[in-house]
file data.cif (mmCIF, C-alpha atoms and all ligand atoms)
data_start
loop_
_atom_site.label_atom_id
_atom_site.label_comp_id
_atom_site.auth_asym_id
_atom_site.auth_seq_id
_atom_site.Cartn_x
_atom_site.Cartn_y
_atom_site.Cartn_z
CA MET A 1 21.63 2.93 -10.34
CA SER A 2 20.66 0.02 -8.12
CA ARG A 3 20.26 -3.41 -9.60
CA PRO A 4 16.74 -4.84 -9.65
CA THR A 5 15.92 -7.33 -6.96
CA PRO A 6 14.62 -10.78 -7.92
CA GLU A 7 11.18 -9.65 -6.83
CA GLU A 8 11.32 -6.61 -9.09
CA ARG A 9 12.47 -8.73 -12.02
CA ALA A 10 9.67 -11.19 -11.42
CA LEU A 11 7.09 -8.45 -11.18
CA VAL A 12 8.17 -6.66 -14.34
CA ASP A 13 8.72 -9.91 -16.24
CA ARG A 14 5.27 -11.06 -15.33
CA ILE A 15 3.80 -7.81 -16.52
CA SER A 16 5.88 -7.82 -19.69
CA ALA A 17 5.13 -11.48 -20.48
CA ASP A 18 1.72 -10.62 -21.73
CA SER A 19 2.20 -8.65 -24.91
CA LEU A 20 -1.25 -7.22 -24.49
CA THR A 21 -0.37 -5.75 -21.15
CA THR A 22 0.02 -2.06 -21.65
CA ARG A 23 1.08 0.66 -19.32
CA ARG A 24 -2.54 1.43 -18.70
CA ASP A 25 -3.24 -2.19 -17.84
CA TYR A 26 -0.30 -2.29 -15.49
CA LEU A 27 -1.34 0.81 -13.66
CA ARG A 28 -4.89 -0.43 -13.54
CA ILE A 29 -3.70 -3.56 -11.73
CA VAL A 30 -2.32 -1.44 -8.97
CA ALA A 31 -5.28 0.87 -8.81
CA THR A 32 -7.75 -1.98 -8.78
CA VAL A 33 -6.21 -4.15 -6.13
CA SER A 34 -5.62 -1.53 -3.55
CA GLY A 35 -8.77 0.57 -3.68
CA GLY A 36 -9.35 4.12 -4.73
CA LEU A 37 -8.25 6.57 -2.09
CA ALA A 38 -5.61 9.20 -2.61
CA VAL A 39 -4.24 9.76 0.84
CA GLY A 40 -4.93 12.82 2.90
CA SER A 41 -4.03 16.45 2.70
CA THR A 42 -0.71 17.98 1.83
CA LEU A 43 -0.13 19.07 5.41
CA VAL A 44 1.37 15.91 6.74
CA SER A 45 3.12 14.75 9.82
CA ALA A 46 6.68 14.70 8.58
CA GLY A 47 7.71 11.86 10.84
CA VAL A 48 4.98 9.53 9.70
CA LEU A 49 4.53 10.36 6.07
CA HIS A 50 8.15 10.91 5.29
CA ARG A 51 8.74 7.28 6.10
CA HIS A 52 5.53 5.90 4.78
CA GLY A 53 5.52 8.18 1.78
CA ASP A 54 8.83 6.75 0.63
CA GLY A 55 7.71 4.34 -2.02
CA ALA A 56 11.26 3.34 -3.03
CA ALA A 57 11.25 0.01 -1.18
CA ALA A 58 11.52 -3.27 -3.04
CA PRO A 59 8.36 -5.36 -3.38
CA LEU A 60 7.76 -7.41 -0.26
CA LYS A 61 5.82 -10.67 -0.15
CA VAL A 62 3.68 -10.50 2.98
CA ALA A 63 1.54 -13.63 2.73
CA ASP A 64 1.17 -16.74 0.60
CA ARG A 65 -2.58 -16.23 0.67
CA LEU A 66 -5.07 -13.89 2.27
CA PRO A 67 -8.66 -15.17 2.32
CA PRO A 68 -11.67 -12.86 2.71
CA GLY A 69 -11.91 -11.48 6.23
CA ALA A 70 -8.24 -12.12 6.98
CA ALA A 71 -5.44 -9.64 7.65
CA VAL A 72 -1.67 -9.74 7.91
CA THR A 73 0.70 -7.30 9.57
CA PHE A 74 4.18 -6.55 8.29
CA ASP A 75 6.80 -3.81 8.12
CA TYR A 76 6.95 -1.73 4.93
CA PRO A 77 8.68 0.11 3.35
CA GLY A 78 11.23 0.11 6.19
CA GLU A 79 11.84 -2.29 9.06
CA ASP A 80 10.13 0.06 11.51
CA ASP A 81 7.19 1.01 9.31
CA ARG A 82 4.27 -0.99 10.63
CA ALA A 83 1.63 -1.86 8.09
CA MET A 84 -1.35 -4.13 7.55
CA ALA A 85 -3.01 -5.76 4.57
CA VAL A 86 -6.67 -6.71 4.86
CA ARG A 87 -8.82 -8.78 2.52
CA LEU A 88 -12.30 -7.44 2.95
CA THR A 89 -15.22 -9.82 2.87
CA ASP A 90 -16.09 -8.77 -0.69
CA GLY A 91 -12.58 -9.73 -1.81
CA THR A 92 -11.12 -6.22 -1.99
CA LEU A 93 -7.49 -6.07 -0.93
CA VAL A 94 -6.36 -2.97 0.98
CA GLY A 95 -3.12 -1.98 2.67
CA TRP A 96 -2.46 0.71 5.27
CA SER A 97 0.26 2.07 7.43
CA THR A 98 -0.71 1.23 11.00
CA VAL A 99 1.15 4.19 12.46
CA CYS A 100 -1.61 6.48 13.70
CA THR A 101 -1.67 9.91 12.07
CA HIS A 102 -2.34 11.50 15.45
CA LEU A 103 0.65 10.68 17.65
CA ALA A 104 2.01 7.56 15.96
CA CYS A 105 0.56 4.85 18.19
CA GLY A 106 -0.09 1.47 16.66
CA VAL A 107 -3.42 1.04 14.89
CA LEU A 108 -5.23 -2.26 15.46
CA ARG A 109 -7.90 -4.12 13.56
CA ARG A 110 -11.37 -4.64 15.00
CA GLU A 111 -12.70 -7.69 13.25
CA ASP A 112 -16.13 -7.56 14.84
CA HIS A 113 -16.87 -3.99 13.85
CA PRO A 114 -18.25 -2.56 10.62
CA GLU A 115 -15.83 -1.34 8.02
CA ARG A 116 -16.09 2.27 9.11
CA GLU A 117 -14.87 1.23 12.55
CA GLY A 118 -12.56 -1.48 11.36
CA LEU A 119 -9.24 0.06 12.43
CA TYR A 120 -8.76 1.45 15.90
CA CYS A 121 -6.04 3.36 17.72
CA PRO A 122 -6.21 2.63 21.45
CA CYS A 123 -4.16 5.64 22.55
CA HIS A 124 -6.88 8.28 22.06
CA GLU A 125 -9.68 6.26 20.49
CA GLY A 126 -9.01 7.21 16.93
CA VAL A 127 -11.00 5.15 14.42
CA PHE A 128 -10.34 4.62 10.72
CA ASP A 129 -12.41 3.11 7.93
CA VAL A 130 -10.69 -0.13 6.95
CA ARG A 131 -11.82 0.20 3.32
CA THR A 132 -10.72 3.78 2.74
CA GLY A 133 -8.29 4.58 5.55
CA GLU A 134 -10.31 7.69 6.36
CA VAL A 135 -10.77 8.91 9.91
CA THR A 136 -14.28 8.16 11.15
CA SER A 137 -13.88 9.43 14.72
CA GLY A 138 -11.35 10.63 17.24
CA PRO A 139 -8.39 13.00 16.98
CA PRO A 140 -6.34 11.69 14.04
CA PRO A 141 -6.03 14.60 11.60
CA ARG A 142 -5.51 12.60 8.42
CA PRO A 143 -6.31 9.26 6.80
CA LEU A 144 -3.85 6.43 7.13
CA PRO A 145 -1.13 6.44 4.47
CA LYS A 146 -1.72 3.75 1.90
CA VAL A 147 0.45 0.74 1.21
CA LEU A 148 -0.09 -0.47 -2.35
CA MET A 149 -0.90 -4.16 -2.44
CA VAL A 150 -1.10 -6.63 -5.30
CA GLU A 151 -1.94 -10.31 -5.55
CA ASP A 152 0.09 -12.43 -7.96
CA GLU A 153 -1.22 -15.32 -10.02
CA GLN A 154 -0.33 -17.80 -7.29
CA GLY A 155 -2.42 -15.87 -4.81
CA ALA A 156 0.53 -14.47 -2.87
CA ILE A 157 0.14 -10.96 -1.48
CA TRP A 158 2.81 -8.31 -2.11
CA ALA A 159 3.42 -4.79 -0.89
CA ILE A 160 4.80 -2.91 -3.87
CA GLY A 161 4.85 0.76 -2.88
CA THR A 162 3.26 3.55 -0.91
CA ALA A 163 1.26 6.65 -1.74
CA ARG A 164 2.11 10.04 -0.29
CA SER A 165 -0.46 12.49 0.85
CA GLY A 166 -2.37 13.74 -2.15
CA GLU A 167 -0.58 11.35 -4.48
CA SER A 168 -2.32 8.84 -6.70
CA GLU A 169 -1.49 5.17 -6.41
CA GLU A 170 -0.04 5.17 -9.90
CA ALA A 171 2.20 8.13 -9.13
CA GLY A 172 3.34 6.56 -5.87
CA LEU A 173 4.21 3.29 -7.52
CA CYS A 174 6.05 4.94 -10.38
CA ARG A 175 7.92 7.27 -8.04
CA GLY A 176 9.15 4.34 -5.99
CA LEU A 177 10.15 2.24 -8.96
CA ARG A 178 11.78 5.19 -10.69
CA GLY A 179 13.78 5.91 -7.56
CA ARG A 180 15.13 2.39 -7.42
CA ASN A 181 15.58 1.69 -11.08
CA PRO A 182 14.66 4.14 -13.83
CA ALA A 183 15.03 1.48 -16.54
CA LEU A 184 12.48 -0.78 -14.88
CA ALA A 185 10.22 2.20 -14.35
CA GLU A 186 10.42 2.94 -18.04
CA ARG A 187 9.56 -0.66 -18.92
CA ALA A 188 6.60 -0.44 -16.61
CA GLY A 189 5.39 2.64 -18.48
CA CYS A 190 6.11 5.17 -15.77
CA GLY A 191 7.75 7.77 -17.99
CA GLY A 192 10.63 10.02 -17.03
CA GLN A 193 9.26 12.48 -14.52
CA PRO A 194 6.64 12.44 -11.77
S1 LIG A 201 -2.15 8.34 18.68
FE1 LIG A 201 -3.83 7.44 17.68
S2 LIG A 201 -5.54 8.53 18.39
FE2 LIG A 201 -3.86 9.48 19.36
#
call {"tool": "encode", "arguments": {"input": "data.cif", "output": "structure tokens"}}
result
Amino acid sequence: MSRPTPEERALVDRISADSLTTRRDYLRIVATVSGGLAVGSTLVSAGVLHRHGDGAAAPLKVADRLPPGAAVTFDYPGEDDRAMAVRLTDGTLVGWSTVCTHLACGVLRREDHPEREGLYCPCHEGVFDVRTGEVTSGPPPRPLPKVLMVEDEQGAIWAIGTARSGESEEAGLCRGLRGRNPALAERAGCGGQP
């Protein structure tokens, strides 16, 4: 069993500090901050979603703050897994893999376009909805894989897991945490099995 990282300890300690925080509350945090989409179909591009579906990475702080309308790019869960967090103008925080589900080109943000055109792949003009990750035009066959984001009480932005195709955010988070440290997963209310 791997030892928890300082970030994992901080995350679980913060959650556990409030005696009123239940498993349901914890999972609601994740579900609330990162939107409501379960990603895609079960027929996935193995190269993309194998990497981005691996939610076993440690939490990664990606920004000290992210004001409405701003975005930050980072690599998660692996060093070569390009991703982006966006704070929408209504305050919603979303996170996506920016590896296109068509042929793996890099997806870019279009700040001056409406949400449904907010993410763009220049290789073959694929377009994704920045709020949901869904394909709105072009050849990409699936939505962008989700990166689960959370904001801590200091306003810092963290990537804390990923969701596989067809997997709920809660299941993705628990799968990743369980894979790294079953004891912490248990404390977080994830139970024993997916
Ligand atoms: S690689 Fe993105 S649209 Fe083709």
call {"tool": "residues_near_ligand", "arguments": {"input": "data.cif", "ligand": "ligand LIG 201 (chain A)", "cutoff": "8 Å", "atoms": "all atoms listed in the file", "output": "list in words"}}
result
Val99, Cys100, Thr101, His102, Leu103, Ala104, Cys105, Gly106, Val107, Tyr120, Cys121, Pro122, Cys123, His124, Glu125, Gly126, Val127, Gly138, Pro139 and Pro140 of chain A
call {"tool": "write_last_selection", "arguments": {"input": "data.cif", "atoms": "C-alpha atoms", "output": "PDB file, in the frame of the given file"}}
result
ATOM      1  CA  VAL A  99       1.150   4.190  12.460  1.00  0.00           C
ATOM      2  CA  CYS A 100      -1.610   6.480  13.700  1.00  0.00           C
ATOM      3  CA  THR A 101      -1.670   9.910  12.070  1.00  0.00           C
ATOM      4  CA  HIS A 102      -2.340  11.500  15.450  1.00  0.00           C
ATOM      5  CA  LEU A 103       0.650  10.680  17.650  1.00  0.00           C
ATOM      6  CA  ALA A 104       2.010   7.560  15.960  1.00  0.00           C
ATOM      7  CA  CYS A 105       0.560   4.850  18.190  1.00  0.00           C
ATOM      8  CA  GLY A 106      -0.090   1.470  16.660  1.00  0.00           C
ATOM      9  CA  VAL A 107      -3.420   1.040  14.890  1.00  0.00           C
ATOM     10  CA  TYR A 120      -8.760   1.450  15.900  1.00  0.00           C
ATOM     11  CA  CYS A 121      -6.040   3.360  17.720  1.00  0.00           C
ATOM     12  CA  PRO A 122      -6.210   2.630  21.450  1.00  0.00           C
ATOM     13  CA  CYS A 123      -4.160   5.640  22.550  1.00  0.00           C
ATOM     14  CA  HIS A 124      -6.880   8.280  22.060  1.00  0.00           C
ATOM     15  CA  GLU A 125      -9.680   6.260  20.490  1.00  0.00           C
ATOM     16  CA  GLY A 126      -9.010   7.210  16.930  1.00  0.00           C
ATOM     17  CA  VAL A 127     -11.000   5.150  14.420  1.00  0.00           C
ATOM     18  CA  GLY A 138     -11.350  10.630  17.240  1.00  0.00           C
ATOM     19  CA  PRO A 139      -8.390  13.000  16.980  1.00  0.00           C
ATOM     20  CA  PRO A 140      -6.340  11.690  14.040  1.00  0.00           C
TER      21      PRO A 140
END
call {"tool": "closest_residue", "arguments": {"input": "data.cif", "among": "A:Thr162, A:Ser137, A:Gln154, A:Thr132", "to": "A:Gly78", "atoms": "only C-alpha atoms"}}
result
A:Thr162
call {"tool": "atom_distance", "arguments": {"input": "data.cif", "atom1": "atom CA of A:Asp81", "atom2": "atom CA of A:Glu134"}}
result
19.0 Å
call {"tool": "atom_distance", "arguments": {"input": "data.cif", "atom1": "atom CA of A:Phe128", "atom2": "atom CA of A:Glu79"}}
result
23.3 Å
call {"tool": "atom_distance", "arguments": {"input": "data.cif", "atom1": "atom CA of A:Asp129", "atom2": "atom CA of A:Pro59"}}
result
25.1 Å
call {"tool": "residues_near_point", "arguments": {"input": "data.cif", "point": "(2.1, -3.1, 2.5)", "cutoff": "12 Å", "atoms": "all atoms listed in the file", "output": "PyMOL selection string"}}
result
chain A and resi 34+52-53+55+57-63+71-79+81-86+93-98+145-151+157-163
call {"tool": "write_last_selection", "arguments": {"input": "data.cif", "atoms": "C-alpha atoms", "output": "mmCIF file, in the frame of the given file"}}
result
data_model
loop_
_atom_site.group_PDB
_atom_site.id
_atom_site.type_symbol
_atom_site.label_atom_id
_atom_site.label_comp_id
_atom_site.auth_asym_id
_atom_site.auth_seq_id
_atom_site.Cartn_x
_atom_site.Cartn_y
_atom_site.Cartn_z
ATOM 1 C CA SER A 34 -5.620 -1.530 -3.550
ATOM 2 C CA HIS A 52 5.530 5.900 4.780
ATOM 3 C CA GLY A 53 5.520 8.180 1.780
ATOM 4 C CA GLY A 55 7.710 4.340 -2.020
ATOM 5 C CA ALA A 57 11.250 0.010 -1.180
ATOM 6 C CA ALA A 58 11.520 -3.270 -3.040
ATOM 7 C CA PRO A 59 8.360 -5.360 -3.380
ATOM 8 C CA LEU A 60 7.760 -7.410 -0.260
ATOM 9 C CA LYS A 61 5.820 -10.670 -0.150
ATOM 10 C CA VAL A 62 3.680 -10.500 2.980
ATOM 11 C CA ALA A 63 1.540 -13.630 2.730
ATOM 12 C CA ALA A 71 -5.440 -9.640 7.650
ATOM 13 C CA VAL A 72 -1.670 -9.740 7.910
ATOM 14 C CA THR A 73 0.700 -7.300 9.570
ATOM 15 C CA PHE A 74 4.180 -6.550 8.290
ATOM 16 C CA ASP A 75 6.800 -3.810 8.120
ATOM 17 C CA TYR A 76 6.950 -1.730 4.930
ATOM 18 C CA PRO A 77 8.680 0.110 3.350
ATOM 19 C CA GLY A 78 11.230 0.110 6.190
ATOM 20 C CA GLU A 79 11.840 -2.290 9.060
ATOM 21 C CA ASP A 81 7.190 1.010 9.310
ATOM 22 C CA ARG A 82 4.270 -0.990 10.630
ATOM 23 C CA ALA A 83 1.630 -1.860 8.090
ATOM 24 C CA MET A 84 -1.350 -4.130 7.550
ATOM 25 C CA ALA A 85 -3.010 -5.760 4.570
ATOM 26 C CA VAL A 86 -6.670 -6.710 4.860
ATOM 27 C CA LEU A 93 -7.490 -6.070 -0.930
ATOM 28 C CA VAL A 94 -6.360 -2.970 0.980
ATOM 29 C CA GLY A 95 -3.120 -1.980 2.670
ATOM 30 C CA TRP A 96 -2.460 0.710 5.270
ATOM 31 C CA SER A 97 0.260 2.070 7.430
ATOM 32 C CA THR A 98 -0.710 1.230 11.000
ATOM 33 C CA PRO A 145 -1.130 6.440 4.470
ATOM 34 C CA LYS A 146 -1.720 3.750 1.900
ATOM 35 C CA VAL A 147 0.450 0.740 1.210
ATOM 36 C CA LEU A 148 -0.090 -0.470 -2.350
ATOM 37 C CA MET A 149 -0.900 -4.160 -2.440
ATOM 38 C CA VAL A 150 -1.100 -6.630 -5.300
ATOM 39 C CA GLU A 151 -1.940 -10.310 -5.550
ATOM 40 C CA ILE A 157 0.140 -10.960 -1.480
ATOM 41 C CA TRP A 158 2.810 -8.310 -2.110
ATOM 42 C CA ALA A 159 3.420 -4.790 -0.890
ATOM 43 C CA ILE A 160 4.800 -2.910 -3.870
ATOM 44 C CA GLY A 161 4.850 0.760 -2.880
ATOM 45 C CA THR A 162 3.260 3.550 -0.910
ATOM 46 C CA ALA A 163 1.260 6.650 -1.740
#
call {"tool": "closest_residue", "arguments": {"input": "data.cif", "among": "A:Pro141, A:Gly189, A:Gly179, A:Gly69", "to": "A:Glu115", "atoms": "all atoms listed in the file"}}
result
A:Gly69
